[in-house]
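Colleague: Data file structure10.txt (compact mmCIF, C-alpha atoms) is appended below.
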# COMPACT_ATOMS: atom_id res chain seq x y z
CA MET A 289 121.81 96.53 141.86
CA ARG A 290 120.48 93.05 141.26
CA VAL A 291 117.77 92.33 138.73
CA SER A 292 115.38 89.55 139.70
CA PRO A 293 115.36 86.46 137.46
CA LEU A 294 111.58 86.85 137.06
CA ARG A 295 111.89 90.35 135.68
CA GLY A 296 114.68 89.25 133.35
CA ALA A 297 112.52 86.40 132.08
CA SER A 298 109.67 88.83 131.44
CA VAL A 299 111.90 91.10 129.36
CA SER A 300 113.23 88.10 127.44
CA GLY A 301 109.68 86.93 126.78
CA ARG A 302 108.61 90.30 125.42
CA ARG A 303 111.65 90.38 123.18
CA ALA A 304 110.83 86.92 121.85
CA TRP A 305 107.25 87.92 121.00
CA ALA A 306 108.49 91.14 119.38
CA GLU A 307 110.75 89.03 117.16
CA LEU A 308 108.01 86.51 116.37
CA LEU A 309 105.53 89.20 115.39
CA ARG A 310 108.13 91.41 113.62
CA LEU A 311 106.72 94.42 115.45
CA PRO A 312 108.55 97.11 113.42
CA ALA A 313 106.90 95.73 110.28
CA LEU A 314 103.54 96.68 111.79
CA LEU A 315 104.28 100.27 110.77
CA THR A 316 103.84 99.21 107.13
CA VAL A 317 100.22 98.23 107.77
CA PRO A 318 98.18 101.39 108.57
CA GLY A 319 99.13 102.95 105.24
CA ASP A 320 97.30 100.18 103.38
CA ALA A 321 93.89 101.18 104.72
CA LEU A 322 94.60 104.91 104.76
CA SER A 323 95.80 105.05 101.16
CA GLY A 324 92.97 102.71 100.16
CA ALA A 325 90.34 105.00 101.66
CA VAL A 326 91.55 108.06 99.74
CA ALA A 327 92.20 106.07 96.56
CA ALA A 328 88.51 105.14 96.64
CA GLY A 329 87.63 108.83 96.59
CA GLY A 330 86.73 109.18 100.26
CA ARG A 331 88.33 110.29 103.48
CA PRO A 332 89.54 108.20 106.42
CA ASN A 333 86.73 107.87 108.96
CA PRO A 334 86.03 105.86 112.15
CA ARG A 335 85.35 102.77 110.05
CA THR A 336 88.78 103.20 108.49
CA LEU A 337 90.32 103.08 111.97
CA LEU A 338 88.51 99.79 112.59
CA ALA A 339 89.85 98.52 109.26
CA ILE A 340 93.38 99.47 110.37
CA GLY A 341 92.87 97.51 113.57
CA SER A 342 91.66 94.54 111.54
CA SER A 343 94.68 94.79 109.25
CA LEU A 344 97.09 94.88 112.17
CA CYS A 345 95.54 91.77 113.71
CA LEU A 346 95.51 89.81 110.46
CA TYR A 347 99.07 90.85 109.66
CA GLU A 348 100.33 89.68 113.04
CA ALA A 349 98.31 86.48 112.73
CA GLY A 350 100.21 85.81 109.54
CA MET A 351 103.55 86.45 111.25
CA ALA A 352 102.82 84.03 114.09
CA LEU A 353 101.44 81.40 111.72
CA ASN A 354 104.43 81.81 109.42
CA ASP A 355 106.91 80.86 112.13
CA TRP A 356 104.68 78.04 113.37
CA ALA A 357 104.54 76.55 109.87
CA ASP A 358 108.30 77.03 109.29
CA ARG A 359 109.52 75.85 112.69
CA ALA A 360 111.26 72.74 111.30
CA GLU A 361 112.91 74.67 108.48
CA ASP A 362 113.95 77.47 110.84
CA ALA A 363 115.55 74.94 113.21
CA VAL A 364 118.11 74.35 110.45
CA GLU A 365 118.40 77.74 108.74
CA ARG A 366 117.47 80.17 111.55
CA PRO A 367 117.89 78.45 114.92
CA HIS A 368 117.96 81.82 116.67
CA ARG A 369 114.27 82.48 115.96
CA PRO A 370 111.85 82.32 118.92
CA LEU A 371 110.31 78.92 118.14
CA PRO A 372 113.37 76.81 117.29
CA SER A 373 115.32 78.45 120.11
CA GLY A 374 112.59 77.40 122.56
CA ARG A 375 111.76 80.91 123.75
CA ILE A 376 108.16 80.54 122.55
CA ARG A 377 106.24 77.28 122.35
CA PRO A 378 104.78 76.34 118.95
CA SER A 379 101.34 75.89 120.50
CA SER A 380 101.47 79.46 121.82
CA ALA A 381 102.30 80.80 118.37
CA LEU A 382 99.43 78.86 116.78
CA THR A 383 97.02 80.03 119.47
CA ALA A 384 98.12 83.64 118.90
CA ALA A 385 97.48 83.25 115.16
CA CYS A 386 93.95 81.95 115.80
CA VAL A 387 93.10 84.66 118.34
CA LEU A 388 94.48 87.45 116.15
CA THR A 389 92.58 86.19 113.11
CA THR A 390 89.33 86.12 115.08
CA ALA A 391 89.97 89.62 116.40
CA GLY A 392 90.77 90.89 112.91
CA LEU A 393 87.54 89.55 111.46
CA GLY A 394 85.59 90.92 114.41
CA LEU A 395 86.98 94.42 113.89
CA ALA A 396 86.23 94.20 110.17
CA ALA A 397 82.63 93.22 110.96
CA ARG A 398 82.29 96.31 113.13
CA ALA A 399 83.60 98.39 110.22
CA GLY A 400 80.66 97.20 108.10
CA ARG A 401 79.67 94.43 105.72
CA PRO A 402 81.79 95.73 102.81
CA ALA A 403 84.87 95.66 105.03
CA LEU A 404 84.11 92.15 106.27
CA ALA A 405 83.57 91.02 102.68
CA VAL A 406 87.20 91.99 102.00
CA ALA A 407 88.67 90.90 105.34
CA ALA A 408 87.36 87.32 105.03
CA PRO A 409 89.24 86.52 101.79
CA LEU A 410 92.24 88.42 103.17
CA ALA A 411 92.35 86.15 106.23
CA ALA A 412 91.90 83.08 104.01
CA THR A 413 94.78 84.23 101.80
CA VAL A 414 97.05 84.72 104.81
CA TRP A 415 96.37 81.21 106.12
CA ALA A 416 96.62 79.63 102.68
CA TYR A 417 99.97 81.32 102.06
CA ASP A 418 101.52 80.26 105.35
CA LEU A 419 100.20 76.70 105.38
CA ALA A 420 100.22 75.68 101.72
CA LEU A 421 101.32 78.23 99.12
CA LYS A 422 104.51 79.76 100.51
CA HIS A 423 106.93 77.31 98.90
CA THR A 424 105.02 76.98 95.62
CA PRO A 425 105.38 79.13 92.48
CA VAL A 426 102.18 81.01 93.38
CA GLY A 427 103.48 81.99 96.83
CA PRO A 428 104.59 85.52 95.88
CA VAL A 429 101.31 86.04 94.01
CA ALA A 430 99.35 85.08 97.12
CA MET A 431 101.34 87.51 99.23
CA ALA A 432 100.79 90.26 96.66
CA ALA A 433 97.08 89.49 96.71
CA ALA A 434 97.04 89.79 100.51
CA ARG A 435 98.61 93.27 100.41
CA GLY A 436 96.23 94.36 97.66
CA LEU A 437 93.23 93.09 99.65
CA ASP A 438 94.48 94.97 102.70
CA HIS A 439 94.47 98.15 100.61
CA LEU A 440 90.92 97.39 99.45
CA LEU A 441 89.89 96.80 103.07
CA GLY A 442 90.47 100.49 103.73
CA ALA A 443 88.74 101.39 100.47
CA ALA A 444 85.68 99.40 101.56
CA THR A 445 85.14 101.78 104.48
CA THR A 446 84.28 104.55 102.01
CA GLY A 447 81.82 102.41 100.06
CA ARG A 448 83.67 102.55 96.71
CA PRO A 449 86.42 99.91 96.83
CA GLN A 450 86.42 99.33 93.07
CA LYS A 451 87.98 102.78 92.56
CA ALA A 452 91.04 101.64 94.51
CA LEU A 453 91.77 98.62 92.29
CA PRO A 454 94.53 100.37 90.25
CA SER A 455 96.45 101.47 93.34
CA ALA A 456 95.93 98.03 94.91
CA ALA A 457 97.57 96.54 91.82
CA LEU A 458 100.58 98.85 92.21
CA LEU A 459 100.95 97.99 95.88
CA GLY A 460 100.57 94.30 95.11
CA THR A 461 103.27 94.49 92.43
CA HIS A 462 105.71 95.93 94.96
CA THR A 463 104.88 93.13 97.41
CA LEU A 464 105.31 90.56 94.67
CA ALA A 465 108.84 91.85 94.03
CA VAL A 466 109.80 91.86 97.72
CA THR A 467 108.41 88.37 98.29
CA THR A 468 110.26 86.99 95.28
CA VAL A 469 113.54 88.30 96.67
CA SER A 470 112.74 86.94 100.14
CA ARG A 471 112.55 83.37 98.84
CA ARG A 472 116.36 83.44 98.45
CA GLU A 473 117.28 85.39 101.59
CA THR A 474 118.84 82.42 103.39
CA GLN A 475 120.64 80.97 100.34
CA GLY A 476 121.46 83.96 98.15
CA GLY A 477 123.53 83.06 95.10
CA THR A 478 121.55 84.70 92.28
CA SER A 479 121.14 88.29 91.13
CA LEU A 480 117.98 87.72 89.11
CA PRO A 481 115.33 88.27 91.86
CA PRO A 482 116.81 91.55 93.16
CA LEU A 483 117.40 92.69 89.57
CA ALA A 484 113.75 92.03 88.71
CA ALA A 485 112.70 93.81 91.91
CA LEU A 486 114.87 96.77 90.96
CA ALA A 487 113.19 96.97 87.56
CA ALA A 488 109.75 96.74 89.17
CA THR A 489 110.67 99.52 91.59
CA ALA A 490 111.75 101.78 88.73
CA THR A 491 108.50 101.10 86.87
CA LEU A 492 106.34 101.73 89.94
CA THR A 493 108.22 104.94 90.70
CA GLY A 494 107.43 106.27 87.25
CA LEU A 495 103.75 105.30 87.45
CA VAL A 496 103.26 106.82 90.90
CA ALA A 497 105.13 110.03 90.07
CA ARG A 498 102.98 110.60 86.98
CA GLY A 499 99.79 110.77 89.01
CA ALA A 500 96.37 109.33 88.33
CA ARG A 501 93.26 110.26 86.42
CA GLY A 502 90.49 111.87 88.34
CA THR A 503 92.74 114.07 90.50
CA ARG A 504 92.57 117.83 90.78
CA ARG A 505 94.31 118.21 87.42
CA ALA A 506 91.42 116.40 85.75
CA GLY A 507 88.99 118.53 87.69
CA SER A 508 90.65 121.69 86.41
CA THR A 509 90.35 120.41 82.85
CA GLY A 510 86.70 119.75 83.45
CA ALA A 511 86.29 123.31 84.73
CA GLY A 512 87.89 124.55 81.52
CA LYS A 513 85.47 122.47 79.46
CA ARG A 514 82.54 123.84 81.41
CA THR A 515 83.87 127.34 80.76
CA ALA A 516 84.12 126.67 77.03
CA THR A 517 80.58 125.27 77.01
CA ALA A 518 79.28 128.30 78.84
CA THR A 519 81.06 130.56 76.36
CA GLY A 520 79.66 128.69 73.41
CA THR A 521 76.15 128.74 74.88
CA GLY A 522 76.37 132.43 75.58
CA MET A 523 77.52 133.15 72.06
CA GLY A 524 74.80 130.98 70.56
CA THR A 525 72.08 132.61 72.60
CA ALA A 526 73.24 136.10 71.87
CA THR A 527 73.64 135.63 68.13
CA GLY A 528 73.25 138.92 66.33
CA THR A 529 73.81 140.97 69.47
CA GLY A 530 77.50 141.90 69.71
CA THR A 531 77.17 143.33 73.18
CA GLY A 532 75.48 140.16 74.47
CA ILE A 533 78.23 138.00 73.03
CA ALA A 534 80.97 140.05 74.62
CA THR A 535 79.24 140.22 77.97
CA ARG A 536 78.42 136.53 78.23
CA ALA A 537 81.79 135.37 76.89
CA GLY A 538 83.68 137.78 79.13
CA THR A 539 81.74 136.66 82.20
CA ALA A 540 82.35 133.00 81.43
CA ILE A 541 86.08 133.50 80.83
CA ALA A 542 86.45 135.48 84.05
CA ALA A 543 84.63 132.75 85.95
CA GLY A 544 86.95 130.19 84.37
CA ARG A 545 89.98 132.17 85.51
CA ARG A 546 88.68 132.36 89.06
CA THR A 547 88.08 128.58 89.00
CA LEU A 548 91.47 127.63 87.59
CA ALA A 549 93.74 130.10 89.38
CA PRO A 550 93.40 128.70 92.93
CA ASP A 551 94.27 125.21 91.66
CA ARG A 552 97.62 126.13 90.13
CA PRO A 553 99.65 126.39 93.36
CA ASN A 554 97.85 123.35 94.73
CA LEU A 555 98.71 121.36 91.63
CA THR A 556 102.36 122.35 91.99
CA LEU A 557 102.44 121.33 95.65
CA ASP A 558 100.65 118.05 94.96
CA MET A 559 103.08 117.23 92.16
CA ALA A 560 106.09 118.11 94.32
CA LEU A 561 104.84 115.95 97.20
CA ARG A 562 104.01 113.03 94.94
CA THR A 563 107.42 113.23 93.25
CA ALA A 564 109.29 113.49 96.56
CA LEU A 565 107.51 110.44 97.96
CA ALA A 566 108.10 108.47 94.77
CA ILE A 567 111.81 109.28 95.00
CA ALA A 568 111.86 108.26 98.68
CA TYR A 569 110.27 104.95 97.71
CA ALA A 570 112.81 104.36 94.94
CA ALA A 571 115.74 105.22 97.20
CA THR A 572 114.56 103.06 100.11
CA ALA A 573 114.06 99.94 98.01
CA GLY A 574 116.47 100.54 95.14
CA ARG A 575 119.66 101.00 97.13
CA ARG A 576 119.33 97.65 98.91
CA TYR A 577 118.25 95.87 95.73
CA THR A 578 121.30 97.23 93.92
CA HIS A 579 123.63 95.91 96.63
CA ALA A 580 122.02 92.46 96.34
CA VAL A 581 122.37 92.53 92.55
CA LEU A 582 126.10 93.27 92.82
CA ASN A 583 126.63 90.75 95.62
CA PRO A 584 123.74 88.27 96.10
CA SER A 585 125.00 86.94 99.42
CA PRO A 586 122.49 85.95 102.12
CA PRO A 587 123.22 89.01 104.35
CA LEU A 588 122.77 91.49 101.49
CA THR A 589 119.72 89.64 100.19
CA GLN A 590 118.17 89.85 103.66
CA ARG A 591 118.91 93.57 103.77
CA ALA A 592 117.29 93.91 100.36
CA VAL A 593 114.14 92.29 101.73
CA GLY A 594 114.20 94.60 104.74
CA GLY A 595 114.61 97.62 102.46
CA GLY A 596 111.70 96.45 100.33
CA VAL A 597 109.48 96.03 103.38
CA ARG A 598 110.33 99.52 104.68
CA ALA A 599 109.78 100.99 101.20
CA THR A 600 106.12 100.01 101.48
CA ILE A 601 105.51 103.10 103.65
CA PRO A 602 106.71 105.76 101.17
CA LEU A 603 104.89 103.88 98.40
CA GLN A 604 101.64 104.00 100.37
CA ALA A 605 102.19 107.71 101.02
CA ALA A 606 102.87 108.31 97.33
CA LEU A 607 99.65 106.50 96.42
CA ALA A 608 97.72 108.72 98.83
CA ALA A 609 99.32 111.82 97.29
CA ARG A 610 98.52 110.41 93.84
CA ALA A 611 94.87 110.25 94.91
CA GLY A 612 94.99 113.94 95.86
CA SER A 613 95.13 113.63 99.66
CA ALA A 614 98.30 115.40 100.80
CA LEU A 615 97.33 115.26 104.48
CA THR A 616 96.91 111.48 104.44
CA ALA A 617 100.15 111.12 102.49
CA VAL A 618 102.10 113.11 105.07
CA ALA A 619 100.52 111.13 107.93
CA ILE A 620 101.58 107.84 106.32
CA ALA A 621 105.08 109.11 105.50
CA ALA A 622 105.57 110.06 109.16
CA LEU A 623 105.64 106.34 110.00
CA ALA A 624 108.83 105.77 107.97
CA PRO A 625 111.32 107.23 110.50
CA LEU A 626 109.78 105.08 113.23
CA GLY A 627 110.11 102.03 111.01
CA ARG A 628 113.81 102.72 110.44
CA LYS A 629 114.40 103.30 114.13
CA TYR A 630 112.79 100.12 115.42
CA ALA A 631 114.02 97.93 112.56
CA LYS A 632 117.50 98.39 114.05
CA LYS A 633 116.28 96.67 117.24
CA VAL A 634 114.03 93.94 115.83
CA SER A 635 114.37 92.49 112.33
CA VAL A 636 111.41 92.90 109.97
CA THR A 637 112.30 89.68 108.09
Would you mind writing the file's structure down as structure tokens?

Modeller:
Amino acid sequence: MRVSPLRGASVSGRRAWAELLRLPALLTVPGDALSGAVAAGGRPNPRTLLAIGSSLCLYEAGMALNDWADRAEDAVERPHRPLPSGRIRPSSALTAACVLTTAGLGLAARAGRPALAVAAPLAATVWAYDLALKHTPVGPVAMAAARGLDHLLGAATTGRPQKALPSAALLGTHTLAVTTVSRRETQGGTSLPPLAALAATATLTGLVARGARGTRRAGSTGAGKRTATATGTGMGTATGTGTGIATRAGTAIAAGRRTLAPDRPNLTLDMALRTALAIAYAATAGRRYTHAVLNPSPPLTQRAVGGGVRATIPLQAALAARAGSALTAVAIAALAPLGRKYAKKVSVT
């Protein structure tokens, strides 16, 4: 059976665009907004879905702009990429970056003014990184800022983005480590960047596994304090009346038991989920980083970068679990197997 040249060209074109846009890496994006929404104390809502759409567009705009800006460098170091190989014209890549940026800002505007207020500096950071900052010492910091802003974009859809600042800092630190390693992925030759990334991964794993203030554990403590206050009030009011003291104190203690008891299994499950996701994050990033530390060759350094990118998903899921939203955490974690599957077909770096 013969395949027409036109159809073959169409398949080749789709493959080229998939490589340019690093399509498997898109699976690392929805978790930013989802974990940001729950870290801010809310729940994902229709505005969060618009924020995810905005994030996807801005992320892909950055990918297209990245290759447009690096086309001369890639012609020497990565001639197989879509632009230097001639499979996609540079003008097409630049046009795609402009259209995707406009679409991303439009979706953020529909998500509300708070979301647009975050999306605008996010878009500016993406363009500044690709066009000016990438090869400067502040390049990794700019990339970390972009990932943190993407997290806050989801938080803005709940109206309380400031509550998500700590988790945005954790996510940004991970991105900082990955980006630092990526700066040596075509040369290799040094173990210091992957070693620093390995140390950062270990630190982040510990912080995420420990949990955060303001979760159900803190709520249970507050319930205990309210119980103690009620007991003290009852005792003060019933001073001199032994029966009144016993009745009021007994009622308060029983109420406290009913409040605390249902939380115990939930706390155990939340802790187990958070720990499992933290371990998955450490394993996904740490194994590749370790290989690059032992042998900092370009192929192993590139694999370390790919492992760090894929590790973003379990980290996002762990942050959602840390915020007390098991359902959101599981939904984010479900993207990881898809990321592994499609990363075998199209590189994420």

Colleague: In Å, rounded to a single decimal, give me how far atom CA of Ala487 of chain A is from atom CA of Ala452 of chain A.

Modeller: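 Atom CA of Ala487 of chain A lies 23.7 Å from atom CA of Ala452 of chain A.
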
Colleague: In terms of the shortest atom-to-atom distance over all atoms listed in the file, which of A:Gln450, A:Thr556, A:Gln590, A:Gln604 is closest to Val496 of chain A?

Modeller: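 Once distances to Val496 of chain A are computed over all atoms listed in the file, the minimum belongs to A:Gln604.
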
Colleague: Within 8 Å of Ile376 of chain A, counting all atoms listed in the file, which residues show up once you throw out same-chain ones fewer than 6 positions away? Write them as a PyMOL selection string, please.

Modeller: chain A and resi 301+304-305+370

Colleague: Starting from 5 Å padding per side, set up an axis-aligned box that covers all listed atoms of segment 389-395 of chain A and hand over centre and edge lengths in Å, one decimal, as JSON.

Modeller:
{"center_x": 89.1, "center_y": 90.3, "center_z": 113.9, "size_x": 17.0, "size_y": 18.3, "size_z": 14.9}

Colleague: Pick from A:Ser455, A:Ser635, A:Thr616, A:Ser342: nearest to Ala327 of chain A, with only C-alpha atoms counted?

Modeller: A:Ser455

Colleague: Would you list the contacts of segment 346-363 of chain A as JSON, numbers by chain, taking every protein, DNA or RNA residue within 8 Å and counting all atoms listed in the file, but skipping same-chain residues closer than 5 positions in sequence?

Modeller: {"A": [308, 309, 310, 314, 317, 369, 371, 372, 373, 378, 381, 382, 384, 385, 386, 387, 388, 389, 392, 411, 414, 415, 418, 419]}

Colleague: When you count all atoms listed in the file, which of these residues is closest to Ala624 of chain A: A:Ala457, A:Leu338, A:Ala313, A:Val326?

Modeller: A:Ala313
